[in-house]
$ cat coords-v9.txt   # compact mmCIF, N, CA and C atoms
# COMPACT_ATOMS: atom_id res chain seq x y z
N ALA Y 1 -20.97 -14.53 -0.91
CA ALA Y 1 -21.84 -14.86 0.19
C ALA Y 1 -22.03 -13.67 1.11
N ALA Y 2 -20.96 -12.93 1.38
CA ALA Y 2 -21.07 -11.77 2.26
C ALA Y 2 -21.98 -10.72 1.65
N VAL Y 3 -21.88 -10.52 0.34
CA VAL Y 3 -22.72 -9.54 -0.34
C VAL Y 3 -24.18 -9.98 -0.29
N ALA Y 4 -24.42 -11.25 -0.50
CA ALA Y 4 -25.78 -11.77 -0.47
C ALA Y 4 -26.39 -11.63 0.91
N GLY Y 5 -25.57 -11.63 1.94
CA GLY Y 5 -26.06 -11.53 3.30
C GLY Y 5 -26.19 -10.10 3.81
N ALA Y 6 -25.89 -9.12 2.96
CA ALA Y 6 -25.99 -7.72 3.38
C ALA Y 6 -27.44 -7.38 3.72
N ALA Y 7 -27.61 -6.57 4.74
CA ALA Y 7 -28.95 -6.16 5.16
C ALA Y 7 -29.64 -5.42 4.02
N GLU Y 8 -30.92 -5.70 3.84
CA GLU Y 8 -31.68 -5.04 2.79
C GLU Y 8 -31.62 -3.53 2.99
N GLY Y 9 -31.34 -2.83 1.92
CA GLY Y 9 -31.24 -1.38 1.97
C GLY Y 9 -29.83 -0.88 2.28
N THR Y 10 -28.93 -1.77 2.67
CA THR Y 10 -27.55 -1.38 2.93
C THR Y 10 -26.80 -1.31 1.61
N PRO Y 11 -26.29 -0.13 1.25
CA PRO Y 11 -25.57 -0.03 -0.02
C PRO Y 11 -24.29 -0.85 0.00
N VAL Y 12 -24.04 -1.54 -1.07
CA VAL Y 12 -22.83 -2.33 -1.24
C VAL Y 12 -22.11 -1.79 -2.46
N THR Y 13 -20.83 -1.44 -2.31
CA THR Y 13 -20.04 -0.92 -3.42
C THR Y 13 -18.88 -1.84 -3.72
N VAL Y 14 -18.33 -1.69 -4.91
CA VAL Y 14 -17.12 -2.40 -5.31
C VAL Y 14 -16.09 -1.37 -5.72
N LYS Y 15 -14.89 -1.49 -5.19
CA LYS Y 15 -13.78 -0.65 -5.63
C LYS Y 15 -12.81 -1.56 -6.35
N CYS Y 16 -12.46 -1.18 -7.58
CA CYS Y 16 -11.59 -2.03 -8.36
C CYS Y 16 -10.70 -1.22 -9.29
N ARG Y 17 -9.75 -1.88 -9.88
CA ARG Y 17 -8.88 -1.31 -10.90
C ARG Y 17 -9.45 -1.67 -12.27
N LEU Y 18 -8.86 -1.09 -13.31
CA LEU Y 18 -9.30 -1.39 -14.67
C LEU Y 18 -8.90 -2.79 -15.09
N GLY Y 19 -7.84 -3.28 -14.53
CA GLY Y 19 -7.34 -4.60 -14.89
C GLY Y 19 -6.14 -4.92 -14.03
N VAL Y 20 -5.56 -6.08 -14.28
CA VAL Y 20 -4.38 -6.51 -13.53
C VAL Y 20 -3.45 -7.25 -14.48
N ASP Y 21 -2.17 -6.91 -14.40
CA ASP Y 21 -1.14 -7.52 -15.25
C ASP Y 21 -1.59 -7.52 -16.71
N GLN Y 22 -1.70 -8.69 -17.31
CA GLN Y 22 -2.07 -8.76 -18.73
C GLN Y 22 -3.58 -8.85 -18.97
N VAL Y 23 -4.36 -8.93 -17.90
CA VAL Y 23 -5.82 -8.93 -18.02
C VAL Y 23 -6.23 -7.46 -18.02
N ASP Y 24 -6.36 -6.92 -19.22
CA ASP Y 24 -6.44 -5.47 -19.34
C ASP Y 24 -7.17 -5.09 -20.63
N SER Y 25 -8.50 -5.16 -20.61
CA SER Y 25 -9.26 -4.73 -21.78
C SER Y 25 -10.57 -4.12 -21.31
N TYR Y 26 -11.09 -3.18 -22.10
CA TYR Y 26 -12.36 -2.57 -21.75
C TYR Y 26 -13.46 -3.64 -21.74
N GLU Y 27 -13.41 -4.56 -22.70
CA GLU Y 27 -14.42 -5.62 -22.78
C GLU Y 27 -14.41 -6.48 -21.52
N GLY Y 28 -13.22 -6.77 -20.98
CA GLY Y 28 -13.12 -7.54 -19.75
C GLY Y 28 -13.69 -6.79 -18.56
N LEU Y 29 -13.45 -5.48 -18.52
CA LEU Y 29 -14.00 -4.65 -17.45
C LEU Y 29 -15.52 -4.60 -17.53
N VAL Y 30 -16.05 -4.46 -18.73
CA VAL Y 30 -17.50 -4.47 -18.94
C VAL Y 30 -18.09 -5.79 -18.45
N GLN Y 31 -17.45 -6.89 -18.80
CA GLN Y 31 -17.94 -8.20 -18.36
C GLN Y 31 -17.94 -8.31 -16.85
N PHE Y 32 -16.89 -7.81 -16.20
CA PHE Y 32 -16.80 -7.82 -14.74
C PHE Y 32 -17.96 -7.04 -14.13
N VAL Y 33 -18.18 -5.82 -14.62
CA VAL Y 33 -19.27 -4.98 -14.09
C VAL Y 33 -20.61 -5.65 -14.32
N ARG Y 34 -20.81 -6.25 -15.48
CA ARG Y 34 -22.08 -6.91 -15.78
C ARG Y 34 -22.32 -8.08 -14.82
N VAL Y 35 -21.33 -8.93 -14.65
CA VAL Y 35 -21.49 -10.10 -13.78
C VAL Y 35 -21.77 -9.67 -12.33
N VAL Y 36 -21.01 -8.71 -11.83
CA VAL Y 36 -21.19 -8.27 -10.45
C VAL Y 36 -22.54 -7.59 -10.26
N SER Y 37 -22.90 -6.69 -11.18
CA SER Y 37 -24.15 -5.93 -10.99
C SER Y 37 -25.39 -6.79 -11.19
N GLU Y 38 -25.31 -7.80 -12.05
CA GLU Y 38 -26.48 -8.67 -12.26
C GLU Y 38 -26.60 -9.75 -11.20
N GLY Y 39 -25.48 -10.09 -10.55
CA GLY Y 39 -25.52 -11.19 -9.59
C GLY Y 39 -25.45 -10.76 -8.14
N SER Y 40 -25.59 -9.46 -7.89
CA SER Y 40 -25.48 -8.97 -6.52
C SER Y 40 -26.25 -7.65 -6.40
N PRO Y 41 -26.36 -7.13 -5.17
CA PRO Y 41 -27.04 -5.84 -5.01
C PRO Y 41 -26.14 -4.64 -5.32
N VAL Y 42 -24.93 -4.86 -5.81
CA VAL Y 42 -23.99 -3.77 -6.09
C VAL Y 42 -24.52 -2.90 -7.23
N LYS Y 43 -24.63 -1.60 -6.95
CA LYS Y 43 -25.07 -0.63 -7.96
C LYS Y 43 -24.10 0.53 -8.08
N HIS Y 44 -23.04 0.52 -7.26
CA HIS Y 44 -22.06 1.61 -7.27
C HIS Y 44 -20.65 1.01 -7.32
N PHE Y 45 -19.90 1.42 -8.34
CA PHE Y 45 -18.53 0.96 -8.53
C PHE Y 45 -17.60 2.15 -8.39
N ILE Y 46 -16.56 2.00 -7.61
CA ILE Y 46 -15.52 3.01 -7.48
C ILE Y 46 -14.35 2.49 -8.30
N ILE Y 47 -14.07 3.16 -9.40
CA ILE Y 47 -13.09 2.65 -10.36
C ILE Y 47 -11.79 3.42 -10.27
N HIS Y 48 -10.72 2.73 -9.88
CA HIS Y 48 -9.38 3.32 -9.96
C HIS Y 48 -8.99 3.21 -11.43
N ALA Y 49 -8.82 4.35 -12.07
CA ALA Y 49 -8.69 4.41 -13.53
C ALA Y 49 -7.31 4.01 -14.04
N ARG Y 50 -6.70 3.04 -13.41
CA ARG Y 50 -5.43 2.44 -13.86
C ARG Y 50 -5.51 0.95 -13.62
N LYS Y 51 -4.74 0.22 -14.37
CA LYS Y 51 -4.58 -1.19 -14.02
C LYS Y 51 -3.46 -1.29 -13.00
N CYS Y 52 -3.26 -2.47 -12.44
CA CYS Y 52 -2.15 -2.65 -11.51
C CYS Y 52 -1.30 -3.83 -11.96
N PHE Y 53 -0.08 -3.82 -11.51
CA PHE Y 53 0.84 -4.92 -11.77
C PHE Y 53 1.15 -5.59 -10.44
N LEU Y 54 0.88 -6.88 -10.35
CA LEU Y 54 1.13 -7.60 -9.09
C LEU Y 54 2.61 -7.85 -8.87
N LYS Y 55 3.38 -7.92 -9.96
CA LYS Y 55 4.82 -8.12 -9.85
C LYS Y 55 5.53 -7.01 -10.63
N GLY Y 56 6.59 -6.49 -10.03
CA GLY Y 56 7.41 -5.52 -10.74
C GLY Y 56 7.20 -4.08 -10.32
N LEU Y 57 6.06 -3.75 -9.73
CA LEU Y 57 5.82 -2.38 -9.27
C LEU Y 57 5.44 -2.40 -7.79
N ASN Y 58 5.95 -1.43 -7.07
CA ASN Y 58 5.56 -1.30 -5.67
C ASN Y 58 4.24 -0.52 -5.60
N PRO Y 59 3.61 -0.44 -4.43
CA PRO Y 59 2.31 0.24 -4.34
C PRO Y 59 2.33 1.68 -4.86
N HIS Y 60 3.37 2.44 -4.52
CA HIS Y 60 3.44 3.81 -5.03
C HIS Y 60 3.52 3.83 -6.55
N GLN Y 61 4.35 2.98 -7.12
CA GLN Y 61 4.47 2.92 -8.58
C GLN Y 61 3.15 2.52 -9.22
N ASN Y 62 2.39 1.63 -8.59
CA ASN Y 62 1.10 1.22 -9.14
C ASN Y 62 0.09 2.38 -9.13
N ARG Y 63 0.35 3.40 -8.32
CA ARG Y 63 -0.52 4.59 -8.31
C ARG Y 63 -0.03 5.67 -9.27
N THR Y 64 1.15 5.46 -9.89
CA THR Y 64 1.69 6.51 -10.75
C THR Y 64 2.15 6.05 -12.12
N VAL Y 65 2.57 4.80 -12.27
CA VAL Y 65 3.16 4.34 -13.53
C VAL Y 65 2.13 3.91 -14.58
N PRO Y 66 1.21 3.00 -14.26
CA PRO Y 66 0.25 2.61 -15.31
C PRO Y 66 -0.55 3.83 -15.78
N PRO Y 67 -0.81 3.91 -17.07
CA PRO Y 67 -1.52 5.10 -17.57
C PRO Y 67 -2.95 5.19 -17.04
N ILE Y 68 -3.36 6.43 -16.83
CA ILE Y 68 -4.75 6.73 -16.43
C ILE Y 68 -5.63 6.55 -17.65
N ARG Y 69 -6.78 5.93 -17.46
CA ARG Y 69 -7.74 5.74 -18.55
C ARG Y 69 -9.12 6.18 -18.08
N TYR Y 70 -9.28 7.47 -17.88
CA TYR Y 70 -10.57 7.99 -17.45
C TYR Y 70 -11.65 7.65 -18.46
N GLU Y 71 -11.28 7.58 -19.74
CA GLU Y 71 -12.28 7.29 -20.77
C GLU Y 71 -12.97 5.95 -20.54
N TRP Y 72 -12.30 5.00 -19.89
CA TRP Y 72 -12.95 3.72 -19.59
C TRP Y 72 -14.05 3.92 -18.55
N VAL Y 73 -13.80 4.79 -17.56
CA VAL Y 73 -14.82 5.06 -16.55
C VAL Y 73 -16.01 5.77 -17.20
N TYR Y 74 -15.73 6.73 -18.07
CA TYR Y 74 -16.82 7.42 -18.79
C TYR Y 74 -17.60 6.42 -19.64
N GLY Y 75 -16.89 5.48 -20.25
CA GLY Y 75 -17.56 4.45 -21.06
C GLY Y 75 -18.47 3.57 -20.22
N LEU Y 76 -18.03 3.21 -19.01
CA LEU Y 76 -18.88 2.41 -18.13
C LEU Y 76 -20.15 3.18 -17.78
N LYS Y 77 -20.02 4.45 -17.50
CA LYS Y 77 -21.19 5.28 -17.18
C LYS Y 77 -22.16 5.31 -18.36
N ARG Y 78 -21.61 5.39 -19.56
CA ARG Y 78 -22.43 5.39 -20.78
C ARG Y 78 -23.09 4.02 -21.00
N ASP Y 79 -22.31 2.95 -20.82
CA ASP Y 79 -22.79 1.60 -21.12
C ASP Y 79 -23.69 1.01 -20.03
N PHE Y 80 -23.62 1.56 -18.83
CA PHE Y 80 -24.45 1.10 -17.71
C PHE Y 80 -25.11 2.31 -17.04
N PRO Y 81 -26.02 2.98 -17.72
CA PRO Y 81 -26.60 4.22 -17.18
C PRO Y 81 -27.39 4.01 -15.88
N HIS Y 82 -27.78 2.79 -15.58
CA HIS Y 82 -28.54 2.50 -14.37
C HIS Y 82 -27.64 2.30 -13.15
N LEU Y 83 -26.32 2.29 -13.35
CA LEU Y 83 -25.37 2.10 -12.26
C LEU Y 83 -24.65 3.41 -11.96
N GLN Y 84 -24.02 3.47 -10.79
CA GLN Y 84 -23.23 4.63 -10.40
C GLN Y 84 -21.75 4.28 -10.48
N PHE Y 85 -20.95 5.23 -10.97
CA PHE Y 85 -19.51 5.05 -11.06
C PHE Y 85 -18.81 6.27 -10.50
N SER Y 86 -17.92 6.03 -9.54
CA SER Y 86 -17.06 7.09 -9.02
C SER Y 86 -15.67 6.86 -9.57
N ILE Y 87 -15.00 7.95 -9.88
CA ILE Y 87 -13.68 7.87 -10.49
C ILE Y 87 -12.63 8.06 -9.40
N ASN Y 88 -11.57 7.27 -9.47
CA ASN Y 88 -10.48 7.32 -8.51
C ASN Y 88 -9.18 7.22 -9.30
N GLY Y 89 -8.16 7.92 -8.83
CA GLY Y 89 -6.85 7.82 -9.46
C GLY Y 89 -6.46 9.07 -10.22
N GLY Y 90 -5.36 9.66 -9.81
CA GLY Y 90 -4.78 10.77 -10.53
C GLY Y 90 -5.37 12.14 -10.22
N ILE Y 91 -6.47 12.19 -9.54
CA ILE Y 91 -7.11 13.47 -9.22
C ILE Y 91 -6.43 14.00 -7.96
N GLN Y 92 -5.89 15.20 -8.05
CA GLN Y 92 -5.05 15.71 -6.96
C GLN Y 92 -5.69 16.79 -6.11
N SER Y 93 -6.88 17.24 -6.46
CA SER Y 93 -7.48 18.31 -5.66
C SER Y 93 -8.99 18.26 -5.78
N VAL Y 94 -9.64 18.94 -4.86
CA VAL Y 94 -11.09 19.06 -4.92
C VAL Y 94 -11.48 19.79 -6.20
N TYR Y 95 -10.66 20.75 -6.62
CA TYR Y 95 -10.96 21.50 -7.84
C TYR Y 95 -10.96 20.58 -9.06
N GLU Y 96 -9.99 19.68 -9.15
CA GLU Y 96 -9.97 18.72 -10.25
C GLU Y 96 -11.17 17.79 -10.18
N ALA Y 97 -11.47 17.30 -8.98
CA ALA Y 97 -12.60 16.39 -8.81
C ALA Y 97 -13.89 17.07 -9.24
N THR Y 98 -14.06 18.31 -8.83
CA THR Y 98 -15.27 19.05 -9.19
C THR Y 98 -15.35 19.25 -10.69
N ALA Y 99 -14.23 19.48 -11.34
CA ALA Y 99 -14.22 19.65 -12.80
C ALA Y 99 -14.75 18.39 -13.49
N TYR Y 100 -14.37 17.23 -12.98
CA TYR Y 100 -14.84 15.98 -13.59
C TYR Y 100 -16.35 15.81 -13.41
N LEU Y 101 -16.88 16.33 -12.33
CA LEU Y 101 -18.30 16.17 -12.05
C LEU Y 101 -19.17 17.28 -12.64
N ASN Y 102 -18.56 18.38 -13.02
CA ASN Y 102 -19.31 19.51 -13.55
C ASN Y 102 -19.19 19.63 -15.07
N HIS Y 103 -19.01 18.55 -15.72
CA HIS Y 103 -18.96 18.50 -17.18
C HIS Y 103 -17.82 19.32 -17.77
N GLN Y 104 -16.77 19.54 -17.00
CA GLN Y 104 -15.61 20.24 -17.53
C GLN Y 104 -14.60 19.20 -17.99
N GLY Y 105 -15.00 18.38 -18.89
CA GLY Y 105 -14.16 17.33 -19.40
C GLY Y 105 -14.73 16.88 -20.73
N PRO Y 106 -14.34 15.74 -21.21
CA PRO Y 106 -14.82 15.27 -22.52
C PRO Y 106 -16.20 14.61 -22.40
N PHE Y 107 -17.20 15.34 -21.87
CA PHE Y 107 -18.51 14.77 -21.62
C PHE Y 107 -19.51 15.24 -22.66
N THR Y 108 -20.44 14.38 -22.99
CA THR Y 108 -21.56 14.71 -23.87
C THR Y 108 -22.80 14.07 -23.25
N GLU Y 109 -23.95 14.31 -23.84
CA GLU Y 109 -25.18 13.71 -23.31
C GLU Y 109 -25.09 12.19 -23.32
N SER Y 110 -24.45 11.64 -24.34
CA SER Y 110 -24.32 10.18 -24.41
C SER Y 110 -23.08 9.67 -23.69
N ASN Y 111 -22.27 10.57 -23.17
CA ASN Y 111 -21.07 10.20 -22.43
C ASN Y 111 -20.99 11.05 -21.16
N PRO Y 112 -21.86 10.75 -20.15
CA PRO Y 112 -21.97 11.58 -18.96
C PRO Y 112 -20.78 11.43 -18.02
N PRO Y 113 -20.61 12.37 -17.09
CA PRO Y 113 -19.53 12.28 -16.12
C PRO Y 113 -19.81 11.21 -15.08
N PRO Y 114 -18.79 10.82 -14.31
CA PRO Y 114 -19.01 9.85 -13.26
C PRO Y 114 -19.89 10.42 -12.14
N THR Y 115 -20.35 9.54 -11.26
CA THR Y 115 -21.21 9.92 -10.15
C THR Y 115 -20.43 10.66 -9.07
N GLY Y 116 -19.22 10.20 -8.79
CA GLY Y 116 -18.41 10.79 -7.72
C GLY Y 116 -16.95 10.72 -8.09
N SER Y 117 -16.13 11.29 -7.22
CA SER Y 117 -14.70 11.34 -7.47
C SER Y 117 -13.97 11.26 -6.15
N ALA Y 118 -12.84 10.59 -6.13
CA ALA Y 118 -12.04 10.47 -4.91
C ALA Y 118 -10.80 11.33 -5.03
N VAL Y 119 -10.43 11.98 -3.93
CA VAL Y 119 -9.19 12.75 -3.87
C VAL Y 119 -8.30 12.14 -2.79
N PRO Y 120 -6.98 12.28 -2.93
CA PRO Y 120 -6.09 11.69 -1.93
C PRO Y 120 -6.36 12.21 -0.53
N ALA Y 121 -6.17 11.37 0.46
CA ALA Y 121 -6.45 11.74 1.85
C ALA Y 121 -5.64 12.96 2.28
N GLY Y 122 -4.42 13.09 1.84
CA GLY Y 122 -3.58 14.22 2.21
C GLY Y 122 -4.11 15.55 1.73
N THR Y 123 -4.95 15.55 0.73
CA THR Y 123 -5.50 16.78 0.18
C THR Y 123 -6.31 17.53 1.23
N ALA Y 124 -6.94 16.82 2.12
CA ALA Y 124 -7.77 17.46 3.15
C ALA Y 124 -6.94 18.33 4.09
N HIS Y 125 -5.64 18.12 4.13
CA HIS Y 125 -4.78 18.87 5.02
C HIS Y 125 -4.02 19.97 4.30
N THR Y 126 -4.32 20.18 3.03
CA THR Y 126 -3.65 21.20 2.24
C THR Y 126 -4.42 22.50 2.38
N PRO Y 127 -3.83 23.55 2.95
CA PRO Y 127 -4.57 24.78 3.20
C PRO Y 127 -5.07 25.47 1.92
N THR Y 128 -4.42 25.24 0.79
CA THR Y 128 -4.86 25.91 -0.44
C THR Y 128 -6.00 25.18 -1.11
N ASP Y 129 -6.38 24.04 -0.59
CA ASP Y 129 -7.49 23.27 -1.16
C ASP Y 129 -8.67 23.37 -0.20
N SER Y 130 -9.84 23.17 -0.71
CA SER Y 130 -11.02 23.31 0.14
C SER Y 130 -11.61 21.97 0.54
N ALA Y 131 -10.81 20.92 0.51
CA ALA Y 131 -11.34 19.58 0.81
C ALA Y 131 -11.87 19.46 2.23
N ASN Y 132 -11.37 20.31 3.14
CA ASN Y 132 -11.82 20.20 4.52
C ASN Y 132 -13.08 21.03 4.78
N ARG Y 133 -13.63 21.69 3.78
CA ARG Y 133 -14.87 22.43 3.93
C ARG Y 133 -16.05 21.54 3.57
N PRO Y 134 -17.09 21.48 4.41
CA PRO Y 134 -18.23 20.60 4.16
C PRO Y 134 -18.86 20.79 2.79
N GLU Y 135 -18.97 22.04 2.31
CA GLU Y 135 -19.61 22.25 1.02
C GLU Y 135 -18.80 21.66 -0.13
N ALA Y 136 -17.50 21.46 0.06
CA ALA Y 136 -16.68 20.86 -0.99
C ALA Y 136 -17.06 19.40 -1.20
N HIS Y 137 -17.42 18.72 -0.12
CA HIS Y 137 -17.76 17.30 -0.24
C HIS Y 137 -19.01 17.07 -1.07
N THR Y 138 -19.96 17.98 -1.00
CA THR Y 138 -21.16 17.85 -1.82
C THR Y 138 -20.78 17.90 -3.29
N GLY Y 139 -19.89 18.81 -3.65
CA GLY Y 139 -19.46 18.93 -5.04
C GLY Y 139 -18.69 17.72 -5.52
N VAL Y 140 -17.86 17.16 -4.67
CA VAL Y 140 -17.07 16.01 -5.05
C VAL Y 140 -17.93 14.76 -5.19
N GLN Y 141 -18.97 14.67 -4.37
CA GLN Y 141 -19.86 13.50 -4.45
C GLN Y 141 -20.78 13.59 -5.64
N GLY Y 142 -21.00 14.76 -6.16
CA GLY Y 142 -21.94 14.90 -7.26
C GLY Y 142 -23.32 15.19 -6.70
N GLU Y 143 -24.00 16.08 -7.31
CA GLU Y 143 -25.32 16.50 -6.84
C GLU Y 143 -26.30 15.34 -6.89
N GLY Y 144 -26.92 15.06 -5.75
CA GLY Y 144 -27.94 14.03 -5.68
C GLY Y 144 -27.43 12.61 -5.77
N SER Y 145 -26.12 12.41 -5.67
CA SER Y 145 -25.60 11.05 -5.84
C SER Y 145 -25.85 10.17 -4.62
N GLY Y 146 -25.93 10.80 -3.44
CA GLY Y 146 -26.07 10.02 -2.22
C GLY Y 146 -24.78 9.32 -1.85
N SER Y 147 -23.70 9.56 -2.58
CA SER Y 147 -22.43 8.90 -2.36
C SER Y 147 -21.74 9.47 -1.14
N THR Y 148 -21.02 8.64 -0.41
CA THR Y 148 -20.22 9.11 0.70
C THR Y 148 -18.76 8.94 0.40
N THR Y 149 -18.42 8.76 -0.85
CA THR Y 149 -17.03 8.56 -1.25
C THR Y 149 -16.34 9.87 -1.42
$ encode --input "coords-v9.txt" --output "C-alpha cells"
Amino acid sequence: AAVAGAAEGTPVTVKCRLGVDQVDSYEGLVQFVRVVSEGSPVKHFIIHARKCFLKGLNPHQNRTVPPIRYEWVYGLKRDFPHLQFSINGGIQSVYEATAYLNHQGPFTESNPPPTGSAVPAGTAHTPTDSANRPEAHTGVQGEGSGSTT
C-alpha cells in the first residue's frame, strides 16, 4: 500500500538479500523480482549478494559467513534488462566497486554489470580510498544510472 501511494515520479527501490534460511534459490529470487517489479513502480533493486540466517548468526556474521553470489546479481541484470540492479555485499573499496561497474569482472554483452555498487560507510573515512571525493561517487553509481546509492 505504501508503494502504491508513492508520489508519481518518486523512485521506489527495494533492498534485499538473495534469500533467507532455507529459502535460497536463484529461481525464487527471480520470482520475487518479477512479482515486485510487475506489481509496483519498483524498477531498481539493491541486492545484498548473500543470503541471511535469522537464527544462528549475529548481524556481523550475516555480513561475512554466507557465501557471496555476485553471479546471481549479474543473472538478474541479464534476465531483467529493463530493471536496474545495484550490488551490495563484500565490496570493500571504491576501487573494487568501480571494477564491478567498469566491466572488470566476468561480464559479457549478454551478462552486463550491475547498475550501481555499495561500499561500507567506513570506507569514506579511509584516507587511502577516494570514497570521499565527489568524482568517485559518479563511478560507483555507474555512468548515467541516476542512482544515489
$ residues_around --input "coords-v9.txt" --residues "Leu83 of chain Y" --least-positions-apart "3" --cutoff "8 Å" --atoms "only N, CA and C atoms" --output "MDAnalysis selection string"
chainID Y and resid 42:45 76:77 79:80 86 115
$ residues_around --input "coords-v9.txt" --residues "Pro67 of chain Y" --least-positions-apart "2" --cutoff "6 Å" --atoms "all atoms listed in the file" --output "NGL selection string"
:Y and (49-51 or 65 or 69)
$ write_last_selection --input "coords-v9.txt" --atoms "N, CA and C atoms" --output "PDB file, keeping the file's coordinate frame"
ATOM      1  N   ALA Y  49      -8.820   4.350 -12.070  1.00  0.00           N
ATOM      2  CA  ALA Y  49      -8.690   4.410 -13.530  1.00  0.00           C
ATOM      3  C   ALA Y  49      -7.310   4.010 -14.040  1.00  0.00           C
ATOM      4  N   ARG Y  50      -6.700   3.040 -13.410  1.00  0.00           N
ATOM      5  CA  ARG Y  50      -5.430   2.440 -13.860  1.00  0.00           C
ATOM      6  C   ARG Y  50      -5.510   0.950 -13.620  1.00  0.00           C
ATOM      7  N   LYS Y  51      -4.740   0.220 -14.370  1.00  0.00           N
ATOM      8  CA  LYS Y  51      -4.580  -1.190 -14.020  1.00  0.00           C
ATOM      9  C   LYS Y  51      -3.460  -1.290 -13.000  1.00  0.00           C
ATOM     10  N   VAL Y  65       2.570   4.800 -12.270  1.00  0.00           N
ATOM     11  CA  VAL Y  65       3.160   4.340 -13.530  1.00  0.00           C
ATOM     12  C   VAL Y  65       2.130   3.910 -14.580  1.00  0.00           C
ATOM     13  N   ARG Y  69      -6.780   5.930 -17.460  1.00  0.00           N
ATOM     14  CA  ARG Y  69      -7.740   5.740 -18.550  1.00  0.00           C
ATOM     15  C   ARG Y  69      -9.120   6.180 -18.080  1.00  0.00           C
TER      16      ARG Y  69
END
$ atom_distance --input "coords-v9.txt" --atom1 "atom CA of Ile68 of chain Y" --atom2 "atom CA of Arg17 of chain Y"
10.6 Å
$ atom_distance --input "coords-v9.txt" --atom1 "atom C of Tyr26 of chain Y" --atom2 "atom N of Gly89 of chain Y"
18.1 Å
$ closest_residue --input "coords-v9.txt" --among "Y:Ser40, Y:His82, Y:Val35, Y:His48" --to "Cys16 of chain Y" --atoms "only C-alpha atoms"
Y:His48
$ build_atoms --input "coords-v9.txt" --residues "segment 24-29 of chain Y" --atoms "all heavy atoms" --output "short mmCIF file (atom, residue, chain, number, x, y, z; two decimals), in the coordinates of the input"
data_model
loop_
_atom_site.label_atom_id
_atom_site.label_comp_id
_atom_site.auth_asym_id
_atom_site.auth_seq_id
_atom_site.Cartn_x
_atom_site.Cartn_y
_atom_site.Cartn_z
N ASP Y 24 -6.36 -6.92 -19.22
CA ASP Y 24 -6.44 -5.47 -19.34
C ASP Y 24 -7.17 -5.09 -20.63
O ASP Y 24 -6.54 -4.78 -21.63
CB ASP Y 24 -5.02 -4.91 -19.34
CG ASP Y 24 -4.95 -3.42 -19.51
OD1 ASP Y 24 -5.91 -2.73 -19.14
OD2 ASP Y 24 -3.92 -2.94 -20.01
N SER Y 25 -8.50 -5.16 -20.61
CA SER Y 25 -9.26 -4.73 -21.78
C SER Y 25 -10.57 -4.12 -21.31
O SER Y 25 -11.10 -4.49 -20.26
CB SER Y 25 -9.56 -5.90 -22.73
OG SER Y 25 -10.52 -6.77 -22.17
N TYR Y 26 -11.09 -3.18 -22.10
CA TYR Y 26 -12.36 -2.57 -21.75
C TYR Y 26 -13.46 -3.64 -21.74
O TYR Y 26 -14.32 -3.65 -20.87
CB TYR Y 26 -12.71 -1.43 -22.71
CG TYR Y 26 -14.01 -0.77 -22.34
CD1 TYR Y 26 -14.10 0.06 -21.22
CD2 TYR Y 26 -15.17 -1.01 -23.07
CE1 TYR Y 26 -15.30 0.63 -20.85
CE2 TYR Y 26 -16.37 -0.42 -22.71
CZ TYR Y 26 -16.44 0.39 -21.59
OH TYR Y 26 -17.63 0.96 -21.23
N GLU Y 27 -13.41 -4.56 -22.70
CA GLU Y 27 -14.42 -5.62 -22.78
C GLU Y 27 -14.41 -6.48 -21.52
O GLU Y 27 -15.46 -6.88 -21.02
CB GLU Y 27 -14.19 -6.49 -24.02
CG GLU Y 27 -14.37 -5.76 -25.33
CD GLU Y 27 -13.21 -4.82 -25.70
OE1 GLU Y 27 -12.08 -4.99 -25.17
OE2 GLU Y 27 -13.45 -3.90 -26.49
N GLY Y 28 -13.22 -6.77 -20.98
CA GLY Y 28 -13.12 -7.54 -19.75
C GLY Y 28 -13.69 -6.79 -18.56
O GLY Y 28 -14.35 -7.37 -17.69
N LEU Y 29 -13.45 -5.48 -18.52
CA LEU Y 29 -14.00 -4.65 -17.45
C LEU Y 29 -15.52 -4.60 -17.53
O LEU Y 29 -16.21 -4.73 -16.51
CB LEU Y 29 -13.41 -3.24 -17.54
CG LEU Y 29 -13.83 -2.24 -16.47
CD1 LEU Y 29 -13.42 -2.71 -15.08
CD2 LEU Y 29 -13.23 -0.87 -16.78
#
